[in-house]
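What follows is the content of entry_20.pdb (PDB, C-alpha atoms and all ligand atoms).
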```
ATOM      1  CA  MET A 360      -7.656  32.874 -13.400
ATOM      2  CA  SER A 361      -3.982  32.015 -13.381
ATOM      3  CA  LYS A 362      -2.484  28.938 -11.844
ATOM      4  CA  VAL A 363       0.989  27.875 -10.776
ATOM      5  CA  TYR A 364       1.994  24.269 -11.373
ATOM      6  CA  LEU A 365       4.743  23.218  -8.974
ATOM      7  CA  THR A 366       6.105  20.486 -11.162
ATOM      8  CA  GLY A 367       8.645  17.695 -10.776
ATOM      9  CA  ALA A 368      10.859  17.165 -13.818
ATOM     10  CA  GLY A 369      12.141  13.747 -12.780
ATOM     11  CA  PRO A 370      15.764  12.691 -12.370
ATOM     12  CA  GLY A 371      17.093  13.159 -15.901
ATOM     13  CA  ASP A 372      15.835  10.463 -18.239
ATOM     14  CA  LEU A 373      13.196  12.293 -20.265
ATOM     15  CA  GLU A 374      10.901   9.275 -20.279
ATOM     16  CA  LEU A 375      10.729   9.372 -16.494
ATOM     17  CA  MET A 376       8.594  12.511 -16.650
ATOM     18  CA  THR A 377       4.912  12.196 -15.880
ATOM     19  CA  LEU A 378       2.259  12.705 -18.569
ATOM     20  CA  LYS A 379       0.845  15.493 -16.438
ATOM     21  CA  SER A 380       4.144  17.373 -16.250
ATOM     22  CA  VAL A 381       4.532  17.147 -20.028
ATOM     23  CA  ARG A 382       1.010  18.523 -20.520
ATOM     24  CA  VAL A 383       1.524  21.573 -18.304
ATOM     25  CA  ILE A 384       4.948  22.272 -19.848
ATOM     26  CA  LYS A 385       3.371  22.267 -23.304
ATOM     27  CA  GLU A 386       0.673  24.695 -22.132
ATOM     28  CA  ALA A 387       2.982  26.958 -20.081
ATOM     29  CA  ASP A 388       3.178  30.726 -20.703
ATOM     30  CA  ILE A 389       6.225  30.931 -18.455
ATOM     31  CA  ILE A 390       8.551  28.274 -17.009
ATOM     32  CA  ILE A 391      10.553  29.178 -13.917
ATOM     33  CA  TYR A 392      13.158  26.460 -13.595
ATOM     34  CA  ASP A 393      16.087  25.140 -11.582
ATOM     35  CA  LYS A 394      19.165  23.501 -12.979
ATOM     36  CA  LEU A 395      17.716  20.414 -14.619
ATOM     37  CA  ALA A 396      19.365  17.074 -15.221
ATOM     38  CA  ASN A 397      17.847  17.208 -18.690
ATOM     39  CA  PRO A 398      17.522  20.592 -20.454
ATOM     40  CA  GLU A 399      15.720  18.869 -23.371
ATOM     41  CA  ILE A 400      12.555  19.237 -21.297
ATOM     42  CA  LEU A 401      12.352  22.939 -22.092
ATOM     43  CA  LYS A 402      12.145  22.203 -25.819
ATOM     44  CA  MET A 403       8.644  20.846 -25.257
ATOM     45  CA  ALA A 404       7.293  24.311 -24.441
ATOM     46  CA  LYS A 405       5.357  26.382 -26.970
ATOM     47  CA  GLU A 406       7.196  29.019 -28.974
ATOM     48  CA  SER A 407       5.812  31.992 -27.054
ATOM     49  CA  CYS A 408       6.783  30.534 -23.664
ATOM     50  CA  VAL A 409       9.037  32.697 -21.476
ATOM     51  CA  PHE A 410      11.920  31.010 -19.594
ATOM     52  CA  LYS A 411      13.327  32.162 -16.278
ATOM     53  CA  PHE A 412      16.282  30.374 -14.671
ATOM     54  CA  VAL A 413      16.432  30.633 -10.871
ATOM     55  CA  GLY A 414      18.613  27.603 -10.125
ATOM     56  CA  LYS A 415      21.774  26.968  -8.238
ATOM     57  CA  GLU A 416      25.327  27.153  -9.447
ATOM     58  CA  PHE A 417      27.946  25.119  -7.535
ATOM     59  CA  GLY A 418      25.507  24.455  -4.716
ATOM     60  CA  LYS A 419      24.891  28.171  -4.141
ATOM     61  CA  HIS A 420      21.567  29.818  -4.815
ATOM     62  CA  LEU A 421      22.090  32.622  -7.291
ATOM     63  CA  ILE A 422      18.750  34.039  -6.215
ATOM     64  CA  PRO A 423      17.613  33.840  -2.567
ATOM     65  CA  GLN A 424      14.480  31.765  -1.902
ATOM     66  CA  ASP A 425      12.441  34.849  -0.862
ATOM     67  CA  GLU A 426      13.129  36.370  -4.228
ATOM     68  CA  ILE A 427      12.235  33.171  -6.064
ATOM     69  CA  ASN A 428       8.894  33.103  -4.222
ATOM     70  CA  GLU A 429       8.216  36.663  -5.347
ATOM     71  CA  ILE A 430       9.253  35.917  -8.951
ATOM     72  CA  ILE A 431       6.715  33.063  -9.076
ATOM     73  CA  TYR A 432       4.015  35.270  -7.561
ATOM     74  CA  GLN A 433       4.662  38.100 -10.015
ATOM     75  CA  ALA A 434       4.591  35.608 -12.885
ATOM     76  CA  ALA A 435       1.163  34.454 -11.729
ATOM     77  CA  LEU A 436      -0.125  38.047 -11.806
ATOM     78  CA  LYS A 437       1.012  38.384 -15.403
ATOM     79  CA  HIS A 438       0.552  34.941 -16.970
ATOM     80  CA  GLU A 439      -2.209  32.373 -16.968
ATOM     81  CA  ASN A 440      -0.214  29.129 -16.913
ATOM     82  CA  VAL A 441       2.886  29.300 -14.759
ATOM     83  CA  VAL A 442       5.123  26.245 -14.434
ATOM     84  CA  ARG A 443       7.629  26.114 -11.606
ATOM     85  CA  LEU A 444       9.886  23.267 -12.679
ATOM     86  CA  LYS A 445      12.226  21.426 -10.323
ATOM     87  CA  GLY A 446      14.417  18.353 -10.617
ATOM     88  CA  GLY A 447      13.033  15.109  -9.224
ATOM     89  CA  ASP A 448      10.026  15.757  -6.994
ATOM     90  CA  PRO A 449       9.127  19.301  -5.899
ATOM     91  CA  PHE A 450       8.540  18.300  -2.272
ATOM     92  CA  VAL A 451      11.712  16.246  -1.763
ATOM     93  CA  PHE A 452      14.324  18.839  -0.795
ATOM     94  CA  GLY A 453      12.858  21.054  -3.481
ATOM     95  CA  ARG A 454      11.471  23.851  -1.281
ATOM     96  CA  GLY A 455       8.180  23.384  -3.104
ATOM     97  CA  GLY A 456       6.295  23.631   0.179
ATOM     98  CA  GLU A 457       7.618  27.107   0.882
ATOM     99  CA  GLU A 458       6.707  28.298  -2.586
ATOM    100  CA  ALA A 459       3.190  26.852  -2.320
ATOM    101  CA  LEU A 460       2.656  28.585   1.046
ATOM    102  CA  TYR A 461       3.785  31.911  -0.366
ATOM    103  CA  LEU A 462       1.253  31.586  -3.195
ATOM    104  CA  LYS A 463      -1.534  30.462  -0.893
ATOM    105  CA  ASP A 464      -1.019  33.498   1.347
ATOM    106  CA  ARG A 465      -1.505  35.706  -1.695
ATOM    107  CA  GLY A 466      -4.568  33.950  -3.017
ATOM    108  CA  ILE A 467      -2.872  32.337  -6.023
ATOM    109  CA  LYS A 468      -4.166  28.945  -7.140
ATOM    110  CA  PHE A 469      -1.603  26.181  -7.423
ATOM    111  CA  GLU A 470      -1.274  22.494  -8.231
ATOM    112  CA  ILE A 471       1.470  20.111  -7.173
ATOM    113  CA  ILE A 472       2.679  17.700  -9.821
ATOM    114  CA  PRO A 473       4.873  15.100  -8.137
ATOM    115  CA  GLY A 474       7.936  13.892  -9.993
ATOM    116  CA  ILE A 475      10.053  10.777  -9.825
ATOM    117  CA  THR A 476      12.569  11.626  -7.150
ATOM    118  CA  SER A 477      16.261  10.919  -7.648
ATOM    119  CA  SER A 478      16.351   9.333  -4.187
ATOM    120  CA  ILE A 479      14.761   6.124  -5.450
ATOM    121  CA  SER A 480      15.178   6.273  -9.228
ATOM    122  CA  VAL A 481      18.923   6.917  -9.269
ATOM    123  CA  PRO A 482      19.608   3.834  -7.094
ATOM    124  CA  ALA A 483      17.211   1.860  -9.324
ATOM    125  CA  TYR A 484      19.203   2.793 -12.445
ATOM    126  CA  ALA A 485      22.307   1.607 -10.608
ATOM    127  CA  GLY A 486      20.628  -1.742  -9.884
ATOM    128  CA  ILE A 487      20.105  -0.969  -6.192
ATOM    129  CA  PRO A 488      16.615  -1.540  -4.740
ATOM    130  CA  VAL A 489      16.248   0.777  -1.729
ATOM    131  CA  THR A 490      14.350  -1.974   0.097
ATOM    132  CA  ASN A 491      14.695  -5.707  -0.392
ATOM    133  CA  ARG A 492      13.328  -8.639   1.569
ATOM    134  CA  GLY A 493      16.018 -10.127   3.740
ATOM    135  CA  TYR A 494      18.139  -6.969   3.581
ATOM    136  CA  THR A 495      16.098  -4.114   5.032
ATOM    137  CA  CYS A 496      12.513  -3.093   5.485
ATOM    138  CA  SER A 497      13.076   0.644   5.556
ATOM    139  CA  PHE A 498      14.948   3.442   3.868
ATOM    140  CA  ARG A 499      15.529   7.077   4.663
ATOM    141  CA  VAL A 500      16.237  10.046   2.505
ATOM    142  CA  VAL A 501      18.479  12.491   4.304
ATOM    143  CA  THR A 502      20.026  15.821   3.389
ATOM    144  CA  GLY A 503      23.790  15.641   3.251
ATOM    145  CA  HIS A 504      23.942  19.382   2.966
ATOM    146  CA  GLU A 505      24.182  19.757   6.714
ATOM    147  CA  ALA A 506      27.631  18.840   7.997
ATOM    148  CA  PRO A 507      27.386  16.086  10.643
ATOM    149  CA  ASN A 508      29.716  18.026  12.932
ATOM    150  CA  LYS A 509      27.369  21.015  12.980
ATOM    151  CA  LYS A 510      26.506  21.887  16.590
ATOM    152  CA  ASP A 511      22.743  22.289  16.271
ATOM    153  CA  SER A 512      22.313  19.648  13.540
ATOM    154  CA  GLN A 513      18.669  18.832  12.873
ATOM    155  CA  ILE A 514      19.583  15.286  11.897
ATOM    156  CA  ASN A 515      19.238  12.768  14.687
ATOM    157  CA  TRP A 516      22.229  10.645  13.748
ATOM    158  CA  GLU A 517      21.761   8.267  16.673
ATOM    159  CA  SER A 518      18.318   7.329  15.328
ATOM    160  CA  PHE A 519      19.608   5.550  12.230
ATOM    161  CA  ILE A 520      18.673   1.935  12.717
ATOM    162  CA  ALA A 521      21.089  -0.856  12.023
ATOM    163  CA  ASP A 522      20.008  -2.329   8.725
ATOM    164  CA  GLU A 523      18.266   0.670   7.231
ATOM    165  CA  THR A 524      19.165   1.952   3.770
ATOM    166  CA  ILE A 525      20.206   5.604   3.893
ATOM    167  CA  VAL A 526      20.117   7.781   0.802
ATOM    168  CA  PHE A 527      21.923  11.106   1.082
ATOM    169  CA  LEU A 528      21.086  13.888  -1.332
ATOM    170  CA  MET A 529      23.317  16.948  -1.649
ATOM    171  CA  GLY A 530      25.964  15.092   0.341
ATOM    172  CA  ILE A 531      29.008  14.767  -1.891
ATOM    173  CA  HIS A 532      30.926  17.688  -0.436
ATOM    174  CA  ASN A 533      30.325  16.272   3.059
ATOM    175  CA  ILE A 534      30.971  12.612   2.223
ATOM    176  CA  LYS A 535      34.049  12.393   4.429
ATOM    177  CA  LEU A 536      32.245  13.735   7.491
ATOM    178  CA  ILE A 537      29.152  11.621   6.780
ATOM    179  CA  SER A 538      31.028   8.328   6.496
ATOM    180  CA  LYS A 539      33.049   9.116   9.626
ATOM    181  CA  LYS A 540      29.900   9.975  11.554
ATOM    182  CA  LEU A 541      28.128   6.752  10.512
ATOM    183  CA  ILE A 542      31.083   4.687  11.714
ATOM    184  CA  LYS A 543      31.122   6.691  14.953
ATOM    185  CA  ILE A 544      27.463   5.926  15.679
ATOM    186  CA  GLY A 545      28.156   2.222  15.291
ATOM    187  CA  LYS A 546      27.739   1.253  11.638
ATOM    188  CA  PRO A 547      30.418  -1.272  10.656
ATOM    189  CA  SER A 548      33.116   0.314   8.496
ATOM    190  CA  SER A 549      32.507  -2.558   6.068
ATOM    191  CA  THR A 550      28.937  -1.334   5.365
ATOM    192  CA  PRO A 551      28.482  -1.201   1.580
ATOM    193  CA  CYS A 552      28.153   2.239  -0.015
ATOM    194  CA  ALA A 553      27.568   3.547  -3.499
ATOM    195  CA  VAL A 554      27.959   6.972  -5.009
ATOM    196  CA  ILE A 555      25.886   7.499  -8.135
ATOM    197  CA  SER A 556      26.509  10.512 -10.307
ATOM    198  CA  ARG A 557      24.191  11.931 -12.978
ATOM    199  CA  GLY A 558      21.905   8.970 -12.533
ATOM    200  CA  THR A 559      19.395   7.939 -15.230
ATOM    201  CA  THR A 560      21.355   9.912 -17.872
ATOM    202  CA  LYS A 561      23.938   8.850 -20.440
ATOM    203  CA  GLU A 562      26.634  10.190 -18.116
ATOM    204  CA  GLN A 563      25.644   7.981 -15.186
ATOM    205  CA  LYS A 564      28.641   6.855 -13.120
ATOM    206  CA  VAL A 565      28.557   4.481 -10.174
ATOM    207  CA  VAL A 566      31.278   3.892  -7.612
ATOM    208  CA  VAL A 567      30.903   1.115  -5.047
ATOM    209  CA  GLY A 568      32.851   0.744  -1.816
ATOM    210  CA  THR A 569      32.402   0.670   1.931
ATOM    211  CA  LEU A 570      32.098   3.366   4.591
ATOM    212  CA  GLU A 571      35.838   2.927   5.007
ATOM    213  CA  ASP A 572      37.004   3.548   1.444
ATOM    214  CA  ILE A 573      34.155   5.322  -0.371
ATOM    215  CA  VAL A 574      35.686   8.778   0.154
ATOM    216  CA  GLU A 575      38.854   7.819  -1.698
ATOM    217  CA  LYS A 576      37.001   5.887  -4.401
ATOM    218  CA  ALA A 577      34.477   8.643  -5.127
ATOM    219  CA  LYS A 578      36.844  11.593  -4.963
ATOM    220  CA  ASP A 579      36.617  12.516  -8.650
ATOM    221  CA  ILE A 580      32.952  11.862  -9.190
ATOM    222  CA  PRO A 581      30.991  14.670 -10.866
ATOM    223  CA  THR A 582      27.805  16.137  -9.366
ATOM    224  CA  PRO A 583      24.877  15.877  -8.974
ATOM    225  CA  ALA A 584      25.360  12.662  -7.086
ATOM    226  CA  ILE A 585      23.715  10.692  -4.306
ATOM    227  CA  ILE A 586      25.195   8.426  -1.657
ATOM    228  CA  VAL A 587      23.513   5.115  -0.823
ATOM    229  CA  VAL A 588      24.513   3.325   2.368
ATOM    230  CA  GLY A 589      23.356  -0.188   3.245
ATOM    231  CA  GLU A 590      23.518  -3.889   2.483
ATOM    232  CA  VAL A 591      21.210  -3.424  -0.544
ATOM    233  CA  VAL A 592      24.182  -1.952  -2.418
ATOM    234  CA  LYS A 593      25.481  -5.535  -2.760
ATOM    235  CA  LEU A 594      22.532  -6.373  -5.015
ATOM    236  CA  ARG A 595      24.001  -4.163  -7.712
ATOM    237  CA  GLU A 596      26.448  -6.874  -8.624
ATOM    238  CA  ASP A 597      23.570  -8.964  -9.974
ATOM    239  CA  LEU A 598      21.037  -6.257 -10.778
ATOM    240  CA  LYS A 599      23.049  -3.659 -12.643
ATOM    241  CA  TRP A 600      21.356  -3.196 -15.970
ATOM    242  CA  PHE A 601      21.658   0.369 -17.174
ATOM    243  CA  GLU A 602      25.344   0.509 -18.007
ATOM    244  CA  GLU A 603      25.242  -2.842 -19.830
TER
HETATM  245  N1  LIG B 701      13.852  17.343  -5.605
HETATM  246  C1  LIG B 701      14.999  16.538  -6.010
HETATM  247  C2  LIG B 701      16.177  16.678  -5.072
HETATM  248  C3  LIG B 701      16.709  18.094  -4.952
HETATM  249  S1  LIG B 701      18.176  18.165  -4.013
HETATM  250  C4  LIG B 701      14.551  15.076  -6.153
HETATM  251  O1  LIG B 701      13.450  14.703  -5.724
HETATM  252  O2  LIG B 701      15.319  14.301  -6.741
HETATM  253  C5  LIG B 701      19.408  17.983  -5.263
HETATM  254  C6  LIG B 701      20.154  16.684  -5.045
HETATM  255  O3  LIG B 701      19.469  15.603  -5.661
HETATM  256  C7  LIG B 701      21.549  16.649  -5.656
HETATM  257  O4  LIG B 701      22.495  17.249  -4.823
HETATM  258  C8  LIG B 701      21.780  15.157  -5.777
HETATM  259  O5  LIG B 701      22.145  14.608  -4.528
HETATM  260  C9  LIG B 701      20.394  14.642  -6.109
HETATM  261  N2  LIG B 701      20.182  14.396  -7.552
HETATM  262  C10 LIG B 701      19.246  14.964  -8.316
HETATM  263  N3  LIG B 701      19.278  14.451  -9.568
HETATM  264  C11 LIG B 701      20.281  13.534  -9.587
HETATM  265  C12 LIG B 701      20.804  12.657 -10.578
HETATM  266  N4  LIG B 701      20.321  12.608 -11.820
HETATM  267  N5  LIG B 701      21.823  11.835 -10.227
HETATM  268  C13 LIG B 701      22.328  11.852  -8.981
HETATM  269  N6  LIG B 701      21.867  12.664  -8.009
HETATM  270  C14 LIG B 701      20.848  13.496  -8.297
END
```
Take the structure I supplied and represent it as structure tokens, if you would.
Ligand code: SAH
Amino acid sequence: MSKVYLTGAGPGDLELMTLKSVRVIKEADIIIYDKLANPEILKMAKESCVFKFVGKEFGKHLIPQDEINEIIYQAALKHENVVRLKGGDPFVFGRGGEEALYLKDRGIKFEIIPGITSSISVPAYAGIPVTNRGYTCSFRVVTGHEAPNKKDSQINWESFIADETIVFLMGIHNIKLISKKLIKIGKPSSTPCAVISRGTTKEQKVVVGTLEDIVEKAKDIPTPAIIVVGEVVKLREDLKWFEE
């Protein structure tokens, strides 16, 4: 009986993979993967393993999600151990839920292998704790993919509470609109912000600013990158460790 492992590959640093993900990768007959922060991962597979890339290029899906679902299903009909590998965690903006539902509807067994999501690990490698006593007692992970000026936006911008840390994924191309919107809903323009690119890898870059000047400061930063907004960003000054 075949099985599909919906597996998180972690944020980039190879050692941030789980033991379980490494085991299923080593046993995989086929690996269906997205653009990964660390392609070294694929070298762990056995020699006979088949590789199928279904990732995004420049933020655009080369293959529509419906087709990806079908590719995974077909792989499960043909192979015993199917690994569907995604960056970070498969259920954090990874569309892992949709893929699991598609398999369930067709009677295919699956397992979810959580991964270390970039939304907390990338700030950590920049010396930014997403929560910290005396700073904030909550954080949110929000898609930045949706432009804040979109009419039927699913994001309830007014609901962001004052001292909450906000982590935007997929937000770099909308950073101007996002920072403007946050100021508009009442966040001080002096609120600290960080943009962290290629976090947890050798190419990690961090830019620190405020809602007012982050757009200018981060204009040349390479992707993938996340945006962190909140007072906790100030802690980086003392806690930065990775670049040193
Ligand atoms: N499932 C993934 C997120 C997928 S959305 C997870 O849990 O991490 C893709 C977005 O994640 C990118 O646009 C970027 O905002 C962020 N991202 C992923 N890896 C990153 C990295 N190493 N450094 C910075 N941002 C990263």
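Each of A:Glu406, A:Glu562, A:Glu602, A:Asp388 was compared to ligand LIG 701 (chain B) using only C-alpha atoms and all ligand atoms, and A:Glu562 turns out to be the nearest.
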Around ligand LIG 701 (chain B), at most 6 Å away and counting only C-alpha atoms and all ligand atoms, which residues are there? Put them as a list in words, please. Pro370, Gly371, Ala396, Gly446, Gly447, Asp448, Pro449, Val451, Phe452, Gly453, Thr476, Ser477, Ser478, Val481, Leu528, Met529, Ile555, Ser556, Arg557, Gly558, Thr559, Pro583, Ala584 and Ile585 of chain A
Using all atoms listed in the file, I'd like a table of the residues in stretch 376-485 of chain A that come within 12 Å of stretch 593-597 of chain A; for each, show the closest atom pair and its distance in Å rounded to one decimal, ordered by chain and ascending number, as a tab-separated table.
```
residue	atom	partner	partner_atom	distance
A:Pro482	CA	A:Arg595	CA	9.1
A:Ala483	CA	A:Arg595	CA	9.2
A:Tyr484	CA	A:Arg595	CA	9.7
A:Ala485	CA	A:Arg595	CA	6.7
```
Find the residues around A:Arg492 up to 12 Å (only C-alpha atoms counted), leave out those fewer than 4 positions away in its own chain, and share them as a count of residues only. 8
Proximity to A:Val501 - best of A:Leu375, A:Ile586, A:Leu436, A:Val381, all atoms listed in the file: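 Smallest separation from A:Val501 among the options: A:Ile586.
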Would you work out the distance separating atom CA of A:Asp425 from atom CA of A:Val526, expressed in Å to one decimal?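 Interatomic distance here is 28.2 Å.
Residue nearest A:Met360 within the list A:Ile514, A:Ile471, A:Ala553, A:Ala435: A:Ala435 [criterion: smallest interatomic distance, only C-alpha atoms].
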Which residue out of A:Lys564, A:Lys468, A:Lys509, A:Lys362 has the minimum interatomic distance to A:Asn533 when only C-alpha atoms are used?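 Distance minimum relative to A:Asn533 lands on A:Lys509.
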Report, in Å to a single decimal, how far apart atom CA of A:Lys540 and atom CA of A:Gly486 are. 26.1 Å
What's around A:His532 at 10 Å? Count all atoms listed in the file, leave out sequence neighbours fewer than 4 positions away in its own chain, and write the answer as a PyMOL selection string. chain A and resi 418+503-504+506+536-537+578+582
Which residues would end up in the selection if the PyMOL selection byres (((chain A and resi 550) around 8) and not hetatm) were applied here, given that I need the answer as a PyMOL selection string? chain A and resi 546-549+551-552+569-570+588-590
